[in-house]
Amino acid sequence: MLLGPSLAVSAILFTLGVVGVLLRRNAIVIFMCIELMLNAVNLTFIALSQQLGLDGQVFVFFVMTVAAAEAAVGLAIVIAVYRHKDTVNLQRINLLRG
Amino acid sequence: MTLVAFWTFAAVAIASAVLCITRRSPVASALWLVNTLFSLAAIYVLLDAPFIAAIQVLVYAGAIMVLFLFVIMLLNLGRTAPGDIKGPWGRAVAVAAGLVLVFELVALWLAAPPGELELPAGTVAGTVAARGAVQAVARPLFQGYLVPFEVTSVLLLAAIVGAVVLAKRRL
């Protein structure tokens with residue numbers, strides 16, 4: 001019953017995450033937008049697992065683990081870059097530009 | 001009743017997500033994202049996944065967002081930085097890309113999943129009611145997905161070591 005509405009909400013949330021990544025320059029806010037996208041996908045998994053069996057919930061469990069690891073490593077990278085450049089503005093972080 | 005609750009939480013989640021990507025202060029963004037995550041946890045309860053909802057509140061809204069706020073505090077980014085949100089061209093590109101993506105996702109959503117994949121109505125809800133919220137997830141996790149579960153522990157170990165190595169000044 002809730003499958004269609006859930007997928008619609010998930011699509012909107014995922015798109016908002018993409019728009020946030022394109023709109024912002026602050027590295028930490030961009031990380032938060034990535035978390036938003038991961039959550040939209042989790043909502044899809046949960047909505048479909050109501051129809052297709054409990055495996056979807058197990059997958060959400062794994063997605064959350066990967067998201068936690070990604071947040072820890074990503075924020076450590078942000079701290080390391082901030083120490084070099086004194087900013088988290090992605091416009092001024094161009095270490096890989098030749 | 002369920003539909004009313006669902007749309008209430010969905011509206012809160014979407015509105016908070018919009019505020020999250022438009023607030024200039026990173027702390028405000030983080031707090032609106034926490035609001036979105038809580039609303040999603042409520043939606044998970046409505047979708048017969050109470051254990052995942054609890055994990056969502058504990059791990060996402062609790063641990064991960066505290067990590068974000070902690071880094072914002074550590075780097076002293078609480079005040080609004082100029083030039084964080086891109087100019088008119090960047091906004092136009094972002095909105096256009098968003099509209100295209102919404103269109104694609106709605107087109108995908110309208111293509112209904114094949115009927116033979118679906119369980120009889122109420123199967124998952126019945127499993128959760130019969131076995132309890134934790135056991136319903138634990139049984140497939142520790143039977144069908146035992147190897148991925150163990151590999152996850154290696155991933156977490158790598159993340160711990162990586163975070164310490166990256167963030168520490170001198171080892």
# chains A, B, ... in the order shown; residues from 1 in each chain; ligands from 1
call {"tool": "residues_around", "arguments": {"residues": "A:Ser6", "least_positions_apart": "3", "cutoff": "9 Å", "atoms": "only C-alpha atoms", "output": "PyMOL selection string"}}
result
(chain A and resi 2-3+9-11+43-44+46-47) or (chain B and resi 6+10+43+47)
call {"tool": "closest_atom_pairs", "arguments": {"of": "chain A", "to": "chain B", "cutoff": "8 Å", "atoms": "only C-alpha atoms", "output": "CSV"}}
result
residue,atom,partner,partner_atom,distance
A:Leu2,CA,B:Leu47,CA,7.4
A:Gly4,CA,B:Trp109,CA,7.3
A:Leu7,CA,B:Trp109,CA,6.7
A:Ala8,CA,B:Val106,CA,7.0
A:Val9,CA,B:Ala10,CA,6.6
A:Ala11,CA,B:Leu105,CA,5.9
A:Ile12,CA,B:Val102,CA,6.6
A:Leu13,CA,B:Ile14,CA,6.4
A:Thr15,CA,B:Gly98,CA,5.5
A:Leu16,CA,B:Val18,CA,6.8
A:Gly17,CA,B:Ile21,CA,7.8
A:Val18,CA,B:Gly98,CA,6.9
A:Val19,CA,B:Ala94,CA,5.1
A:Gly20,CA,B:Ile21,CA,5.1
A:Leu22,CA,B:Ala94,CA,5.4
A:Leu23,CA,B:Lys86,CA,5.6
A:Arg24,CA,B:Ile85,CA,4.7
A:Arg25,CA,B:Asp84,CA,4.9
A:Asn26,CA,B:Asp84,CA,5.7
A:Ile28,CA,B:Phe68,CA,7.5
A:Val29,CA,B:Pro26,CA,6.3
A:Met32,CA,B:Ala30,CA,7.2
A:Cys33,CA,B:Ile21,CA,7.4
A:Leu36,CA,B:Leu33,CA,7.6
A:Asn39,CA,B:Leu37,CA,7.7
A:Leu43,CA,B:Tyr44,CA,7.4
A:Ile46,CA,B:Tyr44,CA,6.9
A:Ala47,CA,B:Leu47,CA,6.3
A:Ser49,CA,B:Val124,CA,7.8
A:Gln50,CA,B:Val124,CA,5.8
A:Gln51,CA,B:Glu118,CA,5.4
A:Leu52,CA,B:Glu118,CA,5.3
A:Gly53,CA,B:Val124,CA,6.1
A:Leu54,CA,B:Val124,CA,6.7
A:Asp55,CA,B:Pro140,CA,6.8
A:Gln57,CA,B:Val137,CA,6.8
A:Val58,CA,B:Leu141,CA,6.0
A:Val60,CA,B:Ile52,CA,7.7
A:Phe61,CA,B:Ile52,CA,7.3
A:Phe62,CA,B:Thr152,CA,7.6
A:Met64,CA,B:Tyr60,CA,7.7
A:Thr65,CA,B:Thr152,CA,7.3
A:Val66,CA,B:Leu155,CA,7.8
A:Ala68,CA,B:Ile64,CA,6.4
A:Ala69,CA,B:Ala159,CA,5.3
A:Glu70,CA,B:Ala159,CA,7.5
A:Ala71,CA,B:Ile64,CA,7.1
A:Ala72,CA,B:Ala163,CA,6.1
A:Val73,CA,B:Ala163,CA,4.9
A:Leu75,CA,B:Val71,CA,7.1
A:Ala76,CA,B:Ala167,CA,5.0
A:Ile77,CA,B:Leu166,CA,6.2
A:Ile79,CA,B:Ala167,CA,6.3
A:Ala80,CA,B:Ala167,CA,5.7
A:Tyr82,CA,B:Leu75,CA,7.8
A:Asn89,CA,B:Asp84,CA,7.1
call {"tool": "atom_distance", "arguments": {"atom1": "atom CA of A:Phe59", "atom2": "atom CA of A:Val41"}}
result
10.5 Å
call {"tool": "select_by_dssp", "arguments": {"residues": "chain A", "states": "helix (DSSP H, G or I)", "output": "PyMOL selection string"}}
result
chain A and resi 3-23+27-52+55-85
